[in-house]
Amino acid sequence: MKLLFVAAFALFVLSTFDYADSSAYDKILTHSRIRAKKEGPNVCALQQVMGTKKKYFSTCRNWYHGSICGKEATVLYECCPGYIKLEGMHGCPAVAPIDHVYGSLGLVKATSTQNYADMSKVRPEIEGPGSFTFFAPSNEAWDLLDQSIRDALVSNVNIELFNALHYHMVNKRLLTKDLKNGMKLTSMYSDLGLHINHYSNGVVTVNCARIIYGNQIATNGVVHVIDRVITSITSSLRDYIEIEEDLTTLADVIQTAGLLDKLAEPGPYTLFAPTNDAFDKIGGDTMERLLSDKDVLKALVNFHLLGSVHCSEAIMAGTSYETLEGNNIEIGCDGDSLTVNGIKMVLKKDIVTTNGVIHLIDQVLIPDSAKQVMELLGSSQSTFGDMVSELGLSTEMRADTEYTLLAPLNAAFTDEVMSMDQRDLKFILENHILKNKISLGELYNGQQLETIGGKILRVFIYRTAVCIENSCLIRGSKEGSNGALHLMRTMIKPAEKSMFEILTENGSFKIFLSLMEAAGLTDLLRQEGGFTLFAPSDKVFAALTERDVNMLKGDKNALRTILLYHLSNGIVIGGGLEGGVTNLLKSLQGSNLQLKFADNAVQVNSVQLSETDQMATNGVIHFVDQILYPEDIPVGSQELLSILRKLITYIQIKFVSGYRYQEIPLTFMKRIITRVVQQSPEIKKVTRVIEGKPSITKVTRVIEGQPSITKVTRVVSGPQYSVSSGTTDITLEGVDLSRVTTFEGNANLDSKQLTRLIQSGNRRRGQN
């Protein structure tokens, strides 16, 4: 038993090494065996394109979709290469007989090639000693060959046909696993090269001819059946372009771009070559603009080049490939036709050269980098493009100036937007065009962007989103020759007012504002900065009595704890939240708020926001229909607990008898300190001139009427202490200004010096 286990394990290891050494072709063949295992041993499942004779050992992707190149494919079951059926037995239980290369041509049904080998005297060579690889065209491949070429071969069998067959042969046995991608083999005709490509989908090509039946082992080599007759190649991409009459415009463009020599380099390349007619389609103005900028022209040429060989027979579905310009194109197929970016444009395919392959196309591929900024707009932003043109904004954009378009999707242009006065709509669209070219990678948090309308837009960077004001970017940013394009989910609404102004003008937040005032926090809503506010409307407090409201206002520490839990330092908009997960946001109170975006709605602490993203000059406001309360903070008063239970239903508030709220340092606020100065009851206009330095400041004293009180206000920024800003403002209300006394002198008088100066003036007046 132990020996049996060791033997089995050794067999497993050897098979693993064999599989690891196998090629993509062999792996696809193995999958085909697995799919056909119910049909018996050594049976392979193939897909045949409906209406054609094309058969493939297909990939999982094609098998799952039941199609190849967009065409329905039927399933066939055939003996895997190297096996044959036996009458009355299930599957393909017998190994195919091994013969020399000539005999093997008959076994794989390449009888036309076998006959031509007879005619050209190649037969004795491939029946005799040696080790050959024969890439044998199928019978259908010979039928597809141009009749004039076929007649020329047959009319001179000892030279032309003999040489043609030798070009299909290599003086060495090479199985599919030995045929590596990019390999160049030396043929038996004048040592001319054969170009091998081995693709990840299992397709193996020789000069772009696909191996349709591989690895038929012979006593003196191996036979691979291919789907076309191949011809010798001696020209490079450059050579072909320079002599092809239908590519003269392309040759001129490549020469002007300084890339002609590049096409003579080893490569390998795939060139999608626009014909002369293709260039005629793009118009004279566009062509003139392209030719006037060498960098743009270079980008244009490189956008037609891939740094690898892509033969048409290896393309079974649309796949994206990076061009030498840096952006991607999608190469696909539709039946027998090749497509580029989903469009049938290939006129002639698989022109094989020494350093690549050429496909002739009837359209010029213009990369984004060669386009003007307005040309970057796609179908999903067509409404924005139309409106920018109709309202005259596009004509105001100069070709030699750079811009950035912040283009909302078509869905953002609702009936309400489209019914606006055109002047208002133009004003809105101006906010979607920036003065400079700013790529996606150049955006950073806190950045300020200026629009052509003079507005300033703020940038917010989140973990999975980049947003500008209330709108977030979606995938699809592009860069053109004179600008950039970013796709926006919604219309951008620049901030115009502070949070205090927005809430005051709304009229539905009077109670919240009164509580903020009672807590000494109103200035937080006015001051500069960037805050996120979850604002409860008046209807949240509908269950409270006047006594309840006064009770809330009575405990300042408790009130601040509650209110500051509704505020956070930093601007967080709904579109910036990562979907489906909890986003933690630290409040000014200190505890975390839990935000979540799910089912197209934003929740804070499981409470759904009634309205989001009201942009303010100092932050953003989200409207909430409940009071928020930090779950980790208990309540120590039964009366306060009773009030909070009227306002909060989403959590159970903890009660700890005697708990006292702690004072929260207001380090995030700019404090306002008011000083009161009492003035003398009499007013007299006195002017004194004090000579001093050239800088002269006028200090005006107004004294008249009944005794009045003047407020001197200083603005102090910082924590819990006062720092003078250097300016003292004196406000006199209800005073008759018929007589004014003016003092000229040092501008740096403090309030005490000013008082002494005024009193001195009064004494002189009394003496007079």
# chains A, B, ... in the order shown; residues from 1 in each chain; ligands from 1
$ select_by_dssp --residues "range 580-661 of chain A" --states "strand (DSSP E or B)" --output "short mmCIF file (atom, residue, chain, number, x, y, z; two decimals) with all heavy atoms, in the first residue's frame"
data_model
loop_
_atom_site.label_atom_id
_atom_site.label_comp_id
_atom_site.auth_asym_id
_atom_site.auth_seq_id
_atom_site.Cartn_x
_atom_site.Cartn_y
_atom_site.Cartn_z
N THR A 582 -19.42 51.80 7.19
CA THR A 582 -19.60 52.88 8.15
C THR A 582 -18.40 53.81 8.10
O THR A 582 -17.25 53.38 8.19
CB THR A 582 -19.77 52.32 9.57
OG1 THR A 582 -20.93 51.48 9.59
CG2 THR A 582 -19.94 53.43 10.59
N ASN A 583 -18.68 55.10 7.95
CA ASN A 583 -17.65 56.12 7.92
C ASN A 583 -17.69 56.87 9.25
O ASN A 583 -18.72 57.42 9.63
CB ASN A 583 -17.89 57.10 6.77
CG ASN A 583 -17.92 56.42 5.41
OD1 ASN A 583 -16.96 56.43 4.67
ND2 ASN A 583 -19.06 55.81 5.07
N LEU A 584 -16.59 56.88 9.98
CA LEU A 584 -16.53 57.54 11.28
C LEU A 584 -16.10 58.99 11.12
O LEU A 584 -15.15 59.29 10.40
CB LEU A 584 -15.56 56.80 12.20
CG LEU A 584 -15.92 55.35 12.56
CD1 LEU A 584 -14.87 54.74 13.47
CD2 LEU A 584 -17.30 55.27 13.21
N LEU A 585 -16.81 59.86 11.81
CA LEU A 585 -16.55 61.30 11.75
C LEU A 585 -16.51 61.82 13.18
O LEU A 585 -17.49 61.72 13.91
CB LEU A 585 -17.66 61.99 10.95
CG LEU A 585 -17.49 63.46 10.63
CD1 LEU A 585 -16.28 63.68 9.75
CD2 LEU A 585 -18.74 63.99 9.94
N LYS A 586 -15.37 62.38 13.60
CA LYS A 586 -15.23 62.87 14.98
C LYS A 586 -15.92 64.21 15.12
O LYS A 586 -15.64 65.16 14.39
CB LYS A 586 -13.76 62.97 15.36
CG LYS A 586 -13.56 63.28 16.84
CD LYS A 586 -12.09 63.24 17.24
CE LYS A 586 -11.93 63.47 18.73
NZ LYS A 586 -10.51 63.42 19.14
N SER A 587 -16.82 64.31 16.09
CA SER A 587 -17.56 65.55 16.32
C SER A 587 -16.72 66.52 17.14
O SER A 587 -15.72 66.14 17.76
CB SER A 587 -18.87 65.24 17.05
OG SER A 587 -18.60 64.85 18.39
N ASN A 592 -17.58 60.03 18.23
CA ASN A 592 -17.69 59.78 16.79
C ASN A 592 -19.13 59.77 16.33
O ASN A 592 -20.02 59.26 17.02
CB ASN A 592 -17.04 58.45 16.42
CG ASN A 592 -15.53 58.53 16.40
OD1 ASN A 592 -14.97 59.59 16.14
ND2 ASN A 592 -14.87 57.43 16.69
N LEU A 593 -19.33 60.33 15.14
CA LEU A 593 -20.59 60.17 14.41
C LEU A 593 -20.38 59.04 13.40
O LEU A 593 -19.30 58.90 12.83
CB LEU A 593 -20.95 61.46 13.68
CG LEU A 593 -21.30 62.66 14.55
CD1 LEU A 593 -21.12 63.95 13.77
CD2 LEU A 593 -22.74 62.55 15.06
N GLN A 594 -21.42 58.25 13.17
CA GLN A 594 -21.33 57.14 12.22
C GLN A 594 -22.17 57.46 10.99
O GLN A 594 -23.39 57.57 11.07
CB GLN A 594 -21.81 55.84 12.87
CG GLN A 594 -20.96 55.39 14.04
CD GLN A 594 -21.39 54.05 14.59
OE1 GLN A 594 -22.26 53.38 14.04
NE2 GLN A 594 -20.77 53.65 15.69
N LEU A 595 -21.49 57.64 9.86
CA LEU A 595 -22.17 57.97 8.62
C LEU A 595 -22.15 56.77 7.69
O LEU A 595 -21.16 56.04 7.61
CB LEU A 595 -21.50 59.15 7.92
CG LEU A 595 -21.91 60.56 8.38
CD1 LEU A 595 -21.33 60.84 9.75
CD2 LEU A 595 -21.44 61.61 7.40
N LYS A 596 -23.24 56.59 6.96
CA LYS A 596 -23.34 55.46 6.04
C LYS A 596 -24.15 55.88 4.83
O LYS A 596 -25.18 56.54 4.96
CB LYS A 596 -23.99 54.27 6.74
CG LYS A 596 -23.86 52.96 5.97
CD LYS A 596 -24.34 51.78 6.81
CE LYS A 596 -24.13 50.46 6.09
NZ LYS A 596 -24.55 49.32 6.92
N PHE A 597 -23.64 55.48 3.66
CA PHE A 597 -24.38 55.73 2.42
C PHE A 597 -24.89 54.39 1.89
O PHE A 597 -24.11 53.52 1.55
CB PHE A 597 -23.48 56.39 1.37
CG PHE A 597 -24.19 56.71 0.08
CD1 PHE A 597 -24.97 57.85 -0.03
CD2 PHE A 597 -24.10 55.87 -1.02
CE1 PHE A 597 -25.64 58.15 -1.20
CE2 PHE A 597 -24.76 56.16 -2.19
CZ PHE A 597 -25.54 57.31 -2.29
N ALA A 598 -26.19 54.24 1.87
CA ALA A 598 -26.79 52.98 1.41
C ALA A 598 -28.17 53.28 0.83
O ALA A 598 -28.90 54.15 1.32
CB ALA A 598 -26.91 51.99 2.57
N ALA A 601 -29.25 56.86 0.02
CA ALA A 601 -29.56 57.76 1.12
C ALA A 601 -28.40 57.79 2.09
O ALA A 601 -27.64 56.83 2.21
CB ALA A 601 -30.84 57.33 1.83
N VAL A 602 -28.28 58.92 2.79
CA VAL A 602 -27.21 59.08 3.78
C VAL A 602 -27.82 58.99 5.17
O VAL A 602 -28.85 59.61 5.45
CB VAL A 602 -26.48 60.42 3.61
CG1 VAL A 602 -25.37 60.57 4.65
CG2 VAL A 602 -25.90 60.54 2.20
N GLN A 603 -27.18 58.21 6.02
CA GLN A 603 -27.62 58.07 7.40
C GLN A 603 -26.51 58.52 8.33
O GLN A 603 -25.33 58.32 8.07
CB GLN A 603 -27.96 56.61 7.72
CG GLN A 603 -29.12 56.04 6.93
CD GLN A 603 -29.37 54.57 7.25
OE1 GLN A 603 -28.52 53.92 7.86
NE2 GLN A 603 -30.51 54.07 6.84
N VAL A 604 -26.92 59.16 9.45
CA VAL A 604 -25.99 59.48 10.51
C VAL A 604 -26.53 58.83 11.78
O VAL A 604 -27.66 59.07 12.18
CB VAL A 604 -25.81 61.01 10.68
CG1 VAL A 604 -27.13 61.73 10.90
CG2 VAL A 604 -24.84 61.30 11.82
N VAL A 607 -29.90 57.42 11.54
CA VAL A 607 -30.98 58.36 11.24
C VAL A 607 -30.78 58.89 9.81
O VAL A 607 -29.73 59.42 9.49
CB VAL A 607 -30.99 59.54 12.23
CG1 VAL A 607 -32.09 60.53 11.87
CG2 VAL A 607 -31.17 59.03 13.65
N GLN A 608 -31.81 58.73 8.99
CA GLN A 608 -31.69 59.16 7.60
C GLN A 608 -31.77 60.68 7.50
O GLN A 608 -32.63 61.31 8.11
CB GLN A 608 -32.78 58.52 6.74
CG GLN A 608 -32.65 58.84 5.26
CD GLN A 608 -33.52 57.97 4.39
OE1 GLN A 608 -33.57 56.75 4.58
NE2 GLN A 608 -34.23 58.56 3.46
N LEU A 609 -30.87 61.25 6.72
CA LEU A 609 -30.87 62.70 6.53
C LEU A 609 -31.97 63.09 5.55
O LEU A 609 -32.13 62.48 4.50
CB LEU A 609 -29.51 63.16 6.01
CG LEU A 609 -28.30 62.84 6.90
CD1 LEU A 609 -27.02 63.34 6.25
CD2 LEU A 609 -28.47 63.46 8.27
N SER A 610 -32.71 64.13 5.92
CA SER A 610 -33.82 64.56 5.06
C SER A 610 -33.33 65.36 3.86
O SER A 610 -33.96 65.38 2.81
CB SER A 610 -34.81 65.40 5.85
OG SER A 610 -34.16 66.50 6.47
N GLU A 611 -32.19 66.02 4.01
CA GLU A 611 -31.60 66.78 2.90
C GLU A 611 -30.11 66.90 3.16
O GLU A 611 -29.67 67.05 4.30
CB GLU A 611 -32.24 68.17 2.81
CG GLU A 611 -31.96 68.89 1.52
CD GLU A 611 -32.80 70.16 1.35
OE1 GLU A 611 -33.86 70.25 1.99
OE2 GLU A 611 -32.37 71.04 0.59
N THR A 612 -29.35 66.82 2.08
CA THR A 612 -27.89 66.82 2.25
C THR A 612 -27.24 67.90 1.40
O THR A 612 -27.85 68.46 0.47
CB THR A 612 -27.29 65.45 1.86
OG1 THR A 612 -27.57 65.21 0.46
CG2 THR A 612 -27.87 64.33 2.69
N ASP A 613 -26.00 68.16 1.72
CA ASP A 613 -25.09 68.94 0.88
C ASP A 613 -25.57 70.36 0.60
O ASP A 613 -25.57 70.84 -0.54
CB ASP A 613 -24.83 68.22 -0.44
CG ASP A 613 -24.24 66.84 -0.24
OD1 ASP A 613 -23.67 66.60 0.82
OD2 ASP A 613 -24.35 66.00 -1.16
N GLN A 614 -26.00 71.06 1.65
CA GLN A 614 -26.25 72.49 1.54
C GLN A 614 -24.92 73.20 1.76
O GLN A 614 -24.45 73.34 2.88
CB GLN A 614 -27.28 72.94 2.58
CG GLN A 614 -28.64 72.29 2.43
CD GLN A 614 -29.32 72.72 1.14
OE1 GLN A 614 -29.43 73.90 0.83
NE2 GLN A 614 -29.77 71.74 0.36
N MET A 615 -24.30 73.61 0.66
CA MET A 615 -22.94 74.13 0.75
C MET A 615 -22.93 75.55 1.30
O MET A 615 -23.70 76.40 0.86
CB MET A 615 -22.26 74.10 -0.62
CG MET A 615 -22.25 72.73 -1.29
SD MET A 615 -21.56 71.41 -0.26
CE MET A 615 -19.87 71.94 -0.08
N ALA A 616 -22.06 75.79 2.27
CA ALA A 616 -21.88 77.11 2.88
C ALA A 616 -20.44 77.54 2.70
O ALA A 616 -19.55 76.72 2.46
CB ALA A 616 -22.25 77.06 4.36
N GLY A 619 -18.56 75.71 5.34
CA GLY A 619 -18.82 74.29 5.58
C GLY A 619 -19.96 73.75 4.75
O GLY A 619 -20.27 74.24 3.66
N VAL A 620 -20.58 72.72 5.28
CA VAL A 620 -21.73 72.08 4.62
C VAL A 620 -22.76 71.72 5.69
O VAL A 620 -22.41 71.37 6.82
CB VAL A 620 -21.29 70.82 3.84
CG1 VAL A 620 -20.71 69.75 4.77
CG2 VAL A 620 -22.45 70.23 3.05
N ILE A 621 -24.03 71.84 5.32
CA ILE A 621 -25.13 71.54 6.24
C ILE A 621 -25.91 70.35 5.71
O ILE A 621 -26.26 70.30 4.52
CB ILE A 621 -26.08 72.74 6.40
CG1 ILE A 621 -25.31 73.99 6.82
CG2 ILE A 621 -27.16 72.43 7.44
CD1 ILE A 621 -26.15 75.25 6.84
N HIS A 622 -26.19 69.40 6.60
CA HIS A 622 -27.11 68.30 6.31
C HIS A 622 -28.29 68.44 7.28
O HIS A 622 -28.08 68.64 8.48
CB HIS A 622 -26.43 66.95 6.51
CG HIS A 622 -25.14 66.79 5.74
ND1 HIS A 622 -25.08 66.82 4.38
CD2 HIS A 622 -23.86 66.62 6.17
CE1 HIS A 622 -23.83 66.66 3.99
NE2 HIS A 622 -23.07 66.54 5.06
N PHE A 623 -29.51 68.32 6.77
CA PHE A 623 -30.69 68.45 7.62
C PHE A 623 -31.05 67.08 8.20
O PHE A 623 -31.08 66.08 7.47
CB PHE A 623 -31.87 69.00 6.83
CG PHE A 623 -31.63 70.39 6.28
CD1 PHE A 623 -32.40 70.87 5.23
CD2 PHE A 623 -30.64 71.21 6.81
CE1 PHE A 623 -32.19 72.14 4.73
CE2 PHE A 623 -30.41 72.48 6.30
CZ PHE A 623 -31.19 72.95 5.26
N VAL A 624 -31.33 67.05 9.49
CA VAL A 624 -31.63 65.80 10.18
C VAL A 624 -32.92 65.96 10.97
O VAL A 624 -33.20 67.03 11.51
CB VAL A 624 -30.45 65.38 11.08
CG1 VAL A 624 -30.19 66.40 12.17
CG2 VAL A 624 -30.66 64.01 11.67
N VAL A 635 -26.77 60.54 31.08
CA VAL A 635 -27.51 61.70 31.57
C VAL A 635 -27.67 61.54 33.07
O VAL A 635 -28.00 60.45 33.56
CB VAL A 635 -28.89 61.82 30.88
CG1 VAL A 635 -29.70 62.95 31.49
CG2 VAL A 635 -28.70 62.04 29.39
N PHE A 655 -28.68 56.39 31.89
CA PHE A 655 -28.90 57.29 33.02
C PHE A 655 -27.94 56.92 34.15
O PHE A 655 -27.88 55.76 34.58
CB PHE A 655 -30.34 57.20 33.53
CG PHE A 655 -30.61 58.06 34.74
CD1 PHE A 655 -30.74 59.43 34.63
CD2 PHE A 655 -30.68 57.49 36.00
CE1 PHE A 655 -30.96 60.23 35.75
CE2 PHE A 655 -30.89 58.26 37.13
CZ PHE A 655 -31.04 59.63 37.00
#
$ residues_around --residues "Lys493 in chain A" --least-positions-apart "2" --cutoff "7 Å" --atoms "only C-alpha atoms" --output "PyMOL selection string"
chain A and resi 469-470+491+495
$ write_last_selection --atoms "N, CA, C and O atoms" --output "short mmCIF file (atom, residue, chain, number, x, y, z; two decimals), in the first residue's frame"
data_model
loop_
_atom_site.label_atom_id
_atom_site.label_comp_id
_atom_site.auth_asym_id
_atom_site.auth_seq_id
_atom_site.Cartn_x
_atom_site.Cartn_y
_atom_site.Cartn_z
N GLU A 469 -17.05 71.08 -4.52
CA GLU A 469 -18.26 71.58 -3.85
C GLU A 469 -19.20 70.40 -3.58
O GLU A 469 -18.78 69.40 -3.03
N ASN A 470 -20.45 70.46 -4.03
CA ASN A 470 -21.43 69.42 -3.69
C ASN A 470 -21.43 68.24 -4.64
O ASN A 470 -22.15 67.26 -4.44
N MET A 491 -25.06 68.85 -10.86
CA MET A 491 -24.70 70.24 -11.10
C MET A 491 -23.97 70.78 -9.88
O MET A 491 -24.30 70.46 -8.74
N ALA A 495 -20.83 77.71 -2.95
CA ALA A 495 -21.33 78.31 -1.71
C ALA A 495 -21.39 79.82 -1.85
O ALA A 495 -20.48 80.44 -2.38
#
$ residues_around --residues "Asn201 in chain A" --least-positions-apart "2" --cutoff "9 Å" --atoms "only C-alpha atoms" --output "compact mmCIF listing (two decimals) with N, CA and C atoms, in the first residue's frame"
# COMPACT_ATOMS: atom_id res chain seq x y z
N ALA A 24 -0.22 27.88 -23.33
CA ALA A 24 -1.62 28.30 -23.30
C ALA A 24 -2.46 27.42 -24.22
N TYR A 25 -1.91 27.04 -25.37
CA TYR A 25 -2.62 26.15 -26.30
C TYR A 25 -2.94 24.83 -25.61
N ILE A 28 -5.71 25.22 -22.91
CA ILE A 28 -7.05 25.34 -23.50
C ILE A 28 -7.52 23.97 -23.98
N SER A 58 -12.11 26.74 -27.37
CA SER A 58 -12.39 28.09 -26.90
C SER A 58 -12.09 28.30 -25.42
N THR A 59 -11.98 29.58 -25.07
CA THR A 59 -11.73 29.98 -23.69
C THR A 59 -13.01 29.86 -22.86
N HIS A 198 2.10 33.37 -29.67
CA HIS A 198 1.38 32.41 -28.83
C HIS A 198 0.60 33.23 -27.80
N TYR A 199 -0.71 33.28 -27.95
CA TYR A 199 -1.55 34.19 -27.16
C TYR A 199 -2.12 33.49 -25.93
N VAL A 203 -4.52 30.61 -28.75
CA VAL A 203 -4.29 30.70 -30.19
C VAL A 203 -2.79 30.83 -30.47
N VAL A 204 -2.32 30.03 -31.42
CA VAL A 204 -0.93 30.10 -31.87
C VAL A 204 -0.95 30.43 -33.35
N ALA A 314 -6.38 35.77 -33.66
CA ALA A 314 -6.23 35.60 -32.22
C ALA A 314 -7.26 36.42 -31.44
N ILE A 315 -8.03 37.22 -32.15
CA ILE A 315 -9.01 38.09 -31.49
C ILE A 315 -10.37 37.41 -31.53
N MET A 316 -10.83 36.97 -30.36
CA MET A 316 -12.09 36.24 -30.27
C MET A 316 -13.16 37.03 -29.52
$ residues_around --residues "Leu644 in chain A" --least-positions-apart "4" --cutoff "9 Å" --atoms "only C-alpha atoms" --output "list in words"
Ile627, Tyr629, Glu639, Leu640, Ile648, Thr649 and Ile653 of chain A
$ write_last_selection --atoms "N, CA and C atoms" --output "tab-separated table (two decimals), in the first residue's frame"
chain	number	residue	atom	x	y	z
A	627	ILE	N	-32.67	64.78	17.03
A	627	ILE	CA	-31.51	65.26	17.75
A	627	ILE	C	-30.52	64.10	17.86
A	629	TYR	N	-27.25	62.33	19.72
A	629	TYR	CA	-26.69	62.33	21.07
A	629	TYR	C	-25.59	61.28	21.15
A	639	GLU	N	-35.04	64.88	34.72
A	639	GLU	CA	-35.79	65.87	33.96
A	639	GLU	C	-35.19	66.03	32.56
A	640	LEU	N	-33.86	66.12	32.50
A	640	LEU	CA	-33.21	66.22	31.19
A	640	LEU	C	-33.41	64.94	30.40
A	648	ILE	N	-35.15	62.05	21.00
A	648	ILE	CA	-34.26	61.00	20.48
A	648	ILE	C	-34.93	59.64	20.62
A	649	THR	N	-35.07	58.93	19.50
A	649	THR	CA	-35.71	57.61	19.54
A	649	THR	C	-34.81	56.51	18.99
A	653	ILE	N	-30.82	56.12	25.84
A	653	ILE	CA	-29.85	56.97	26.54
A	653	ILE	C	-29.60	56.40	27.93
$ closest_residue --among "A:Thr270, A:Thr219, A:Thr404, A:Gln422" --to "Ser308 in chain A" --atoms "only C-alpha atoms"
A:Thr270
$ residues_around --residues "Ile211 in chain A" --least-positions-apart "3" --cutoff "7 Å" --atoms "only C-alpha atoms" --output "NGL selection string"
:A and (204-205 or 214 or 224-227)
$ write_last_selection --atoms "all heavy atoms" --output "JSON list (two decimals), in the first residue's frame"
[["chain", "number", "residue", "atom", "x", "y", "z"],
["A", 204, "VAL", "N", -2.32, 30.03, -31.42],
["A", 204, "VAL", "CA", -0.93, 30.10, -31.87],
["A", 204, "VAL", "C", -0.95, 30.43, -33.35],
["A", 204, "VAL", "O", -1.67, 29.79, -34.14],
["A", 204, "VAL", "CB", -0.18, 28.76, -31.63],
["A", 204, "VAL", "CG1", 1.28, 28.89, -32.06],
["A", 204, "VAL", "CG2", -0.28, 28.34, -30.18],
["A", 205, "THR", "N", -0.15, 31.43, -33.74],
["A", 205, "THR", "CA", -0.13, 31.83, -35.15],
["A", 205, "THR", "C", 1.29, 31.79, -35.70],
["A", 205, "THR", "O", 2.27, 31.95, -34.97],
["A", 205, "THR", "CB", -0.69, 33.25, -35.35],
["A", 205, "THR", "OG1", 0.11, 34.18, -34.63],
["A", 205, "THR", "CG2", -2.13, 33.34, -34.89],
["A", 214, "GLY", "N", -2.90, 20.94, -33.94],
["A", 214, "GLY", "CA", -1.47, 20.93, -33.64],
["A", 214, "GLY", "C", -0.96, 19.61, -33.12],
["A", 214, "GLY", "O", -1.71, 18.73, -32.70],
["A", 224, "HIS", "N", 1.74, 20.67, -37.92],
["A", 224, "HIS", "CA", 0.71, 21.58, -37.40],
["A", 224, "HIS", "C", -0.10, 22.07, -38.59],
["A", 224, "HIS", "O", 0.46, 22.61, -39.55],
["A", 224, "HIS", "CB", 1.33, 22.79, -36.70],
["A", 224, "HIS", "CG", 2.28, 22.44, -35.58],
["A", 224, "HIS", "ND1", 1.87, 21.83, -34.43],
["A", 224, "HIS", "CD2", 3.62, 22.65, -35.45],
["A", 224, "HIS", "CE1", 2.91, 21.67, -33.62],
["A", 224, "HIS", "NE2", 4.00, 22.14, -34.23],
["A", 225, "VAL", "N", -1.41, 21.90, -38.53],
["A", 225, "VAL", "CA", -2.27, 22.37, -39.62],
["A", 225, "VAL", "C", -2.63, 23.83, -39.37],
["A", 225, "VAL", "O", -3.04, 24.19, -38.26],
["A", 225, "VAL", "CB", -3.54, 21.51, -39.73],
["A", 225, "VAL", "CG1", -4.41, 22.00, -40.89],
["A", 225, "VAL", "CG2", -3.17, 20.03, -39.92],
["A", 226, "ILE", "N", -2.45, 24.68, -40.41],
["A", 226, "ILE", "CA", -2.76, 26.10, -40.28],
["A", 226, "ILE", "C", -3.88, 26.48, -41.24],
["A", 226, "ILE", "O", -4.17, 25.76, -42.20],
["A", 226, "ILE", "CB", -1.51, 26.98, -40.53],
["A", 226, "ILE", "CG1", -0.91, 26.70, -41.91],
["A", 226, "ILE", "CG2", -0.48, 26.73, -39.43],
["A", 226, "ILE", "CD1", 0.30, 27.59, -42.24],
["A", 227, "ASP", "N", -4.50, 27.65, -40.98],
["A", 227, "ASP", "CA", -5.73, 27.99, -41.70],
["A", 227, "ASP", "C", -5.51, 28.85, -42.94],
["A", 227, "ASP", "O", -6.47, 29.31, -43.55],
["A", 227, "ASP", "CB", -6.71, 28.70, -40.76],
["A", 227, "ASP", "CG", -6.23, 30.07, -40.31],
["A", 227, "ASP", "OD1", -5.05, 30.41, -40.55],
["A", 227, "ASP", "OD2", -7.04, 30.81, -39.71]]
$ residues_around --residues "Pro266 in chain A" --least-positions-apart "5" --cutoff "9 Å" --atoms "only C-alpha atoms" --output "list of chain:residue names"
A:Ser236, A:Thr354, A:Asn355, A:Gly356
$ closest_residue --among "A:Arg458, A:Arg526, A:Lys437, A:Arg398" --to "Ala484 in chain A" --atoms "only C-alpha atoms"
A:Lys437
$ atom_distance --atom1 "CA of Leu641 in chain A" --atom2 "CA of Phe534 in chain A"
21.4 Å
$ closest_residue --among "A:Ser471, A:Pro494, A:Lys298, A:Ala278" --to "Lys262 in chain A" --atoms "only C-alpha atoms"
A:Lys298
$ atom_distance --atom1 "CA of Asn139 in chain A" --atom2 "CA of Asn163 in chain A"
18.8 Å
$ atom_distance --atom1 "CA of Asp625 in chain A" --atom2 "CA of Phe460 in chain A"
26.1 Å
